[in-house]
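> Got a file for you: run25.cif, mmCIF, C-alpha atoms.
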data_data
#
loop_
_atom_site.label_atom_id
_atom_site.label_comp_id
_atom_site.auth_asym_id
_atom_site.auth_seq_id
_atom_site.Cartn_x
_atom_site.Cartn_y
_atom_site.Cartn_z
CA MET A 25 -31.60 -60.68 18.30
CA PRO A 26 -31.30 -57.32 16.52
CA ARG A 27 -27.98 -56.42 14.98
CA LYS A 28 -25.84 -53.93 16.81
CA LYS A 29 -25.95 -50.56 15.11
CA LYS A 30 -22.72 -49.70 13.33
CA LEU A 31 -20.86 -46.73 14.70
CA LYS A 32 -20.29 -43.80 12.40
CA PHE A 33 -17.24 -41.59 12.41
CA GLU A 34 -19.34 -38.74 13.81
CA ASP A 35 -20.45 -40.92 16.72
CA CYS A 36 -16.85 -41.40 17.83
CA ILE A 37 -15.39 -37.96 17.18
CA GLU A 38 -14.93 -37.22 20.89
CA LYS A 39 -12.96 -40.44 21.42
CA ILE A 40 -10.93 -39.74 18.29
CA ASP A 41 -10.08 -36.21 19.44
CA LEU A 42 -9.14 -37.52 22.87
CA GLU A 43 -6.65 -39.99 21.41
CA ILE A 44 -5.22 -37.38 19.04
CA ASN A 45 -4.76 -34.82 21.81
CA LYS A 46 -2.77 -37.32 23.84
CA ARG A 47 0.00 -36.83 21.26
CA ARG A 48 0.07 -33.03 21.47
CA SER A 49 2.94 -32.89 23.96
CA ARG A 50 4.98 -35.25 21.79
CA TRP A 51 4.81 -33.11 18.65
CA ASN A 52 8.11 -31.25 18.82
CA LEU A 53 8.85 -30.63 15.16
CA THR A 54 9.00 -26.85 15.58
CA ALA A 55 11.17 -26.51 12.46
CA LEU A 56 7.95 -26.65 10.44
CA SER A 57 6.67 -23.23 11.41
CA TRP A 58 3.77 -23.48 8.98
CA MET A 59 2.46 -26.71 10.52
CA ASP A 60 1.47 -26.86 14.18
CA PHE A 61 -0.31 -29.64 16.03
CA ASP A 62 -3.74 -28.23 15.18
CA ASP A 63 -2.91 -28.73 11.51
CA VAL A 64 -1.63 -32.21 12.26
CA SER A 65 -4.80 -33.03 14.19
CA GLN A 66 -7.00 -32.02 11.28
CA ILE A 67 -4.93 -34.08 8.83
CA ILE A 68 -5.24 -37.10 11.13
CA ARG A 69 -9.01 -36.66 11.53
CA ILE A 70 -9.45 -36.59 7.76
CA HIS A 71 -7.24 -39.67 7.43
CA ILE A 72 -9.28 -41.59 10.03
CA PHE A 73 -12.50 -40.54 8.32
CA LYS A 74 -11.25 -41.90 4.99
CA LYS A 75 -10.21 -45.18 6.63
CA TRP A 76 -13.36 -45.55 8.73
CA HIS A 77 -14.82 -48.26 6.49
CA LEU A 78 -11.84 -50.47 7.40
CA TYR A 79 -12.57 -50.37 11.13
CA ASP A 80 -13.62 -53.77 12.49
CA GLN A 81 -16.30 -52.76 14.95
CA SER A 82 -16.12 -56.05 16.76
CA LYS A 83 -12.81 -54.82 18.22
CA SER A 84 -11.88 -51.95 20.49
CA LEU A 85 -11.69 -48.56 18.82
CA ALA A 86 -8.75 -47.01 20.67
CA PRO A 87 -5.98 -49.39 19.48
CA TRP A 88 -7.10 -49.06 15.87
CA ILE A 89 -7.20 -45.26 16.11
CA ASN A 90 -3.79 -45.10 17.77
CA THR A 91 -2.22 -47.20 15.04
CA LEU A 92 -3.53 -44.77 12.42
CA ILE A 93 -2.39 -41.76 14.44
CA SER A 94 1.13 -43.13 14.93
CA ASN A 95 1.53 -44.02 11.28
CA GLN A 96 0.18 -40.70 10.08
CA ILE A 97 2.49 -38.68 12.35
CA LYS A 98 5.47 -40.70 11.11
CA ASN A 99 4.41 -40.05 7.53
CA LEU A 100 4.00 -36.32 8.13
CA ILE A 101 7.45 -36.02 9.67
CA ARG A 102 9.01 -38.08 6.90
CA ASN A 103 7.26 -36.29 4.04
CA ASN A 104 7.72 -32.77 5.35
CA TYR A 105 11.10 -33.01 7.04
CA GLY A 106 12.86 -36.38 7.00
CA ASN A 107 12.98 -36.67 3.22
CA TYR A 108 14.66 -33.27 2.86
CA CYS A 109 16.91 -32.83 5.91
CA ARG A 110 20.65 -33.12 5.41
CA PRO A 111 22.10 -36.63 5.86
CA CYS A 112 24.30 -35.44 8.74
CA LEU A 113 21.31 -35.65 11.10
CA LYS A 114 21.32 -39.42 10.71
CA CYS A 115 25.08 -39.90 10.38
CA ALA A 116 27.23 -41.41 13.14
CA ALA A 117 30.11 -39.10 12.18
CA ALA A 118 28.08 -35.93 12.80
CA GLU A 119 29.17 -33.75 15.72
CA SER A 120 27.74 -30.63 17.35
CA ASP A 121 28.08 -27.16 15.80
CA SER A 122 27.87 -28.61 12.26
CA LEU A 123 31.15 -30.46 12.68
CA CYS A 124 32.00 -33.84 11.21
CA TYR A 125 34.35 -36.49 12.61
CA ILE A 126 35.46 -37.48 9.10
CA TYR A 127 35.49 -34.27 7.04
CA GLY A 128 35.92 -31.67 9.78
CA THR A 129 32.73 -29.79 8.93
CA GLN A 130 29.41 -30.85 7.46
CA CYS A 131 30.06 -29.84 3.88
CA SER A 132 30.10 -30.97 0.26
CA SER A 133 33.41 -32.78 0.76
CA CYS A 134 31.18 -35.60 1.94
CA PRO A 135 29.57 -37.33 -1.08
CA LEU A 136 26.29 -37.80 0.80
CA PHE A 137 26.16 -34.10 1.72
CA ALA A 138 27.08 -33.13 -1.85
CA GLN A 139 24.26 -35.28 -3.21
CA TRP A 140 21.83 -33.70 -0.74
CA GLU A 141 22.90 -30.21 -1.82
CA LYS A 142 22.36 -31.14 -5.43
CA THR A 143 18.99 -32.86 -5.14
CA LYS A 144 17.22 -31.90 -1.91
CA LYS A 145 18.65 -28.72 -0.40
CA ALA A 146 16.39 -26.44 -2.44
CA ALA A 147 13.29 -28.29 -1.24
CA TYR A 148 14.62 -28.24 2.32
CA LEU A 149 15.11 -24.46 2.24
CA THR A 150 11.68 -24.00 0.70
CA LYS A 151 9.94 -25.98 3.42
CA LEU A 152 11.89 -24.69 6.41
CA PRO A 153 12.33 -21.10 7.60
CA THR A 154 15.82 -19.67 7.17
CA PRO A 155 17.35 -17.50 9.94
CA LEU A 156 17.77 -13.86 8.96
CA GLU A 157 21.48 -14.11 9.72
CA SER A 158 21.88 -16.82 7.08
CA VAL A 159 19.96 -14.79 4.52
CA GLN A 160 22.21 -11.80 5.16
CA GLN A 161 25.34 -13.92 4.78
CA GLU A 162 24.14 -15.40 1.49
CA THR A 163 23.15 -11.96 0.22
CA GLU A 164 26.55 -10.52 1.04
CA LYS A 165 28.19 -13.24 -1.06
CA LEU A 166 26.28 -12.22 -4.17
CA GLU A 167 28.01 -9.97 -6.62
CA LEU A 168 25.94 -7.01 -7.67
CA GLN A 169 25.56 -6.82 -11.42
CA GLU A 170 24.33 -3.68 -13.11
CA PHE A 171 21.61 -4.15 -15.66
CA ASP A 172 21.23 -1.47 -18.30
CA PHE A 173 17.68 -2.00 -19.49
CA ASN A 174 17.78 0.65 -22.19
CA THR A 175 20.94 -0.76 -23.76
CA VAL A 176 19.53 -4.29 -23.77
CA LEU A 177 16.23 -3.09 -25.25
CA LYS A 178 18.08 -1.18 -27.95
CA ARG A 179 20.07 -4.30 -28.85
CA LEU A 180 16.89 -6.39 -28.96
CA ASN A 181 15.14 -3.84 -31.17
CA LEU A 182 18.00 -3.84 -33.68
CA LYS A 183 17.96 -7.62 -33.91
CA LEU A 184 14.19 -7.74 -34.21
CA LYS A 185 14.20 -5.20 -37.02
CA LYS A 186 16.43 -7.54 -39.01
CA VAL A 187 14.23 -10.62 -38.60
CA LEU A 188 10.70 -9.21 -38.49
CA LYS A 189 8.65 -8.83 -41.63
CA SER A 190 7.51 -5.35 -42.62
CA ASN A 191 4.03 -5.67 -41.10
CA GLU A 192 5.46 -7.36 -37.99
CA TRP A 193 7.88 -4.51 -37.40
CA THR A 194 5.08 -1.98 -37.88
CA VAL A 195 3.04 -3.74 -35.21
CA TYR A 196 6.03 -4.11 -32.87
CA GLU A 197 7.20 -0.52 -33.24
CA ASN A 198 3.79 1.07 -32.82
CA LEU A 199 2.37 -1.31 -30.24
CA TYR A 200 5.37 -1.80 -27.96
CA LEU A 201 7.63 1.20 -28.58
CA LYS A 202 5.15 3.97 -29.35
CA ASN A 203 2.43 2.57 -27.05
CA LYS A 204 -0.34 2.81 -29.62
CA THR A 205 -3.51 0.76 -29.26
CA GLU A 206 -4.28 -2.26 -31.42
CA GLN A 207 -7.06 -0.27 -33.09
CA GLU A 208 -4.59 2.47 -34.04
CA VAL A 209 -2.12 -0.08 -35.38
CA ALA A 210 -4.86 -1.79 -37.39
CA LYS A 211 -5.76 1.57 -38.92
CA ILE A 212 -2.11 2.18 -39.89
CA LEU A 213 -2.01 -1.20 -41.62
CA GLY A 214 -5.38 -0.63 -43.26
CA TYR A 215 -7.09 -3.59 -41.64
CA LYS A 216 -10.88 -3.78 -41.72
CA THR A 217 -13.50 -6.15 -40.36
CA SER A 218 -16.96 -7.25 -41.42
CA GLU A 219 -17.76 -8.83 -38.04
CA LYS A 220 -19.91 -7.01 -35.53
CA ASN A 221 -18.37 -6.01 -32.20
CA ARG A 222 -14.91 -6.90 -33.46
CA SER A 223 -12.00 -4.51 -33.80
CA PRO A 224 -10.53 -4.22 -37.30
CA GLY A 225 -7.66 -6.63 -37.87
CA TYR A 226 -7.90 -8.27 -34.44
CA LYS A 227 -7.09 -11.73 -35.86
CA GLN A 228 -4.18 -10.49 -37.96
CA ILE A 229 -2.65 -8.51 -35.10
CA LYS A 230 -3.10 -11.43 -32.72
CA ASN A 231 -1.16 -13.71 -35.08
CA ILE A 232 1.50 -11.07 -35.70
CA LYS A 233 2.00 -10.56 -31.95
CA LYS A 234 2.44 -14.30 -31.54
CA SER A 235 5.07 -14.35 -34.28
CA ILE A 236 6.90 -11.37 -32.75
CA ILE A 237 7.02 -13.04 -29.33
CA GLU A 238 8.39 -16.28 -30.77
CA LYS A 239 11.13 -14.46 -32.66
CA ALA A 240 12.00 -12.33 -29.63
CA LYS A 241 12.27 -15.46 -27.46
CA GLU A 242 14.59 -17.04 -30.00
CA ILE A 243 16.84 -13.97 -30.05
CA ILE A 244 16.96 -13.77 -26.25
CA SER A 245 17.78 -17.46 -25.89
CA GLU A 246 20.67 -17.19 -28.36
CA ASP A 247 22.15 -13.88 -27.22
CA VAL A 248 23.77 -14.02 -23.77
CA ASN A 249 23.90 -10.22 -23.65
CA ILE A 250 20.13 -9.90 -23.70
#
Go ahead and render the structure in this file as structure tokens.

Amino acid sequence: MPRKKKLKFEDCIEKIDLEINKRRSRWNLTALSWMDFDDVSQIIRIHIFKKWHLYDQSKSLAPWINTLISNQIKNLIRNNYGNYCRPCLKCAAAESDSLCYIYGTQCSSCPLFAQWEKTKKAAYLTKLPTPLESVQQETEKLELQEFDFNTVLKRLNLKLKKVLKSNEWTVYENLYLKNKTEQEVAKILGYKTSEKNRSPGYKQIKNIKKSIIEKAKEIISEDVNI
């Protein structure tokens, strides 16, 4: 008796899609505006395809598919929402309108909420859309600070002039302050080259620029006014 031909993933795609689409009405995680059920469906199809070699074809296909679908949906909700949502959503003390039976409001007075703010709130806000009203409120809380670029640049230049070597300052001043080209700076420093298709002093200027940047970074990291 000839062996029964093994089914391929492609042979069962219609059945797979049918089982996936049965879950469409149950996907209600609208907080993830960037992931709708079509995205979820595609993720599940790929997952089933990768697991296809584990399917025991002596058994019915539908139960096996539905197990994978259920697990994958749970994983998607957990990984994209459950792991980042505030603990109040799972807390027995939580009340409507962001109130709390224990602390009055859902806030950092609660150690669990405080820990969430510290470790997961940023990821939560990144993944989920924020209402415009909330953005406006947060913006209004920020204090506007004036930034005088010219004053800061002048302070940086003075400090750099003290720490840069003579040739480094020549490169810095002409390249970044006077907006000269590297070829013009190389000519000022008297650099030459014996290599074809190479600008004079390209290696020297490259190394000098690297040194300037490192020293500038060090100054900026140490001076709070820059």
> So which residues touch Ile89 in chain A within 10 Å, counting only C-alpha atoms, skipping near sequence neighbours fewer than 2 positions away, as a ChimeraX atom specification?
/A:39-40,43-44,68-69,72,75-76,79,84-87,91-94
> What's the 12 Å shell around Lys239 in chain A, counting only C-alpha atoms, without same-chain residues fewer than 6 positions away, as a ChimeraX atom specification?
/A:180-181,183-189,192-193,196,232-233,245-246
> Evaluate the PyMOL selection byres ((chain A and resi 133-147) around 9) against this structure - the residues, as a list in words, please.
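For this structure, the PyMOL selection byres ((chain A and resi 133-147) around 9) resolves to Asn107, Tyr108, Cys109, Arg110, Pro111, Cys112, Ile126, Tyr127, Thr129, Gln130, Cys131, Ser132, Tyr148, Leu149, Thr150, Lys151 and Leu152 of chain A.
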> Nearest residue to Leu182 in chain A out of A:Leu78, A:Val64, A:Ile243, A:Leu42, using only C-alpha atoms?
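Closest residue, counting only C-alpha atoms: A:Ile243.
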> Mind giving me the straight-line distance from CA of Tyr125 in chain A to CA of Ile101 in chain A in Å, one decimal?
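Atom-to-atom, CA of Tyr125 in chain A to CA of Ile101 in chain A, that is 27.1 Å.
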> Identify which of the residues A:Gln228, A:Arg102, A:Lys32, A:Asn52 lies closest to Lys74 in chain A, counting all atoms listed in the file when measuring atom-to-atom distances.
A:Lys32
> What's the separation between CA of Leu201 in chain A and CA of Lys227 in chain A, in Å to one decimal place?
20.9 Å
> Can you work out the spacing between CA of Asn45 in chain A and CA of Asn104 in chain A in Å, to one decimal?
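It comes out at 20.8 Å.
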> With 8 Å added on each side, what axis-aligned box encloses every listed atom of range 92-104 of chain A? Give the centre and edge lengths in Å to one decimal, as AutoDock Vina command-line options.

--center_x 2.7 --center_y -38.8 --center_z 9.5 --size_x 28.5 --size_y 28.0 --size_z 26.9
> What residues come out when you apply the PyMOL selection byres ((chain A and resi 202-215) around 8) to this file, written as a ChimeraX atom specification?
/A:191,194-195,197-201,216-217,223-226,229
> Restricting the calculation to only C-alpha atoms: of A:Asn174, A:Leu53, A:Asp80, A:Ile244, which residue gets closest to Gly106 in chain A?
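Ranked by minimum distance to Gly106 in chain A, first place goes to A:Leu53.
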> Smallest atom-to-atom distance to Asn95 in chain A: which of A:His71, A:Arg48, A:Lys83, A:Arg222, using all atoms listed in the file?
A:His71
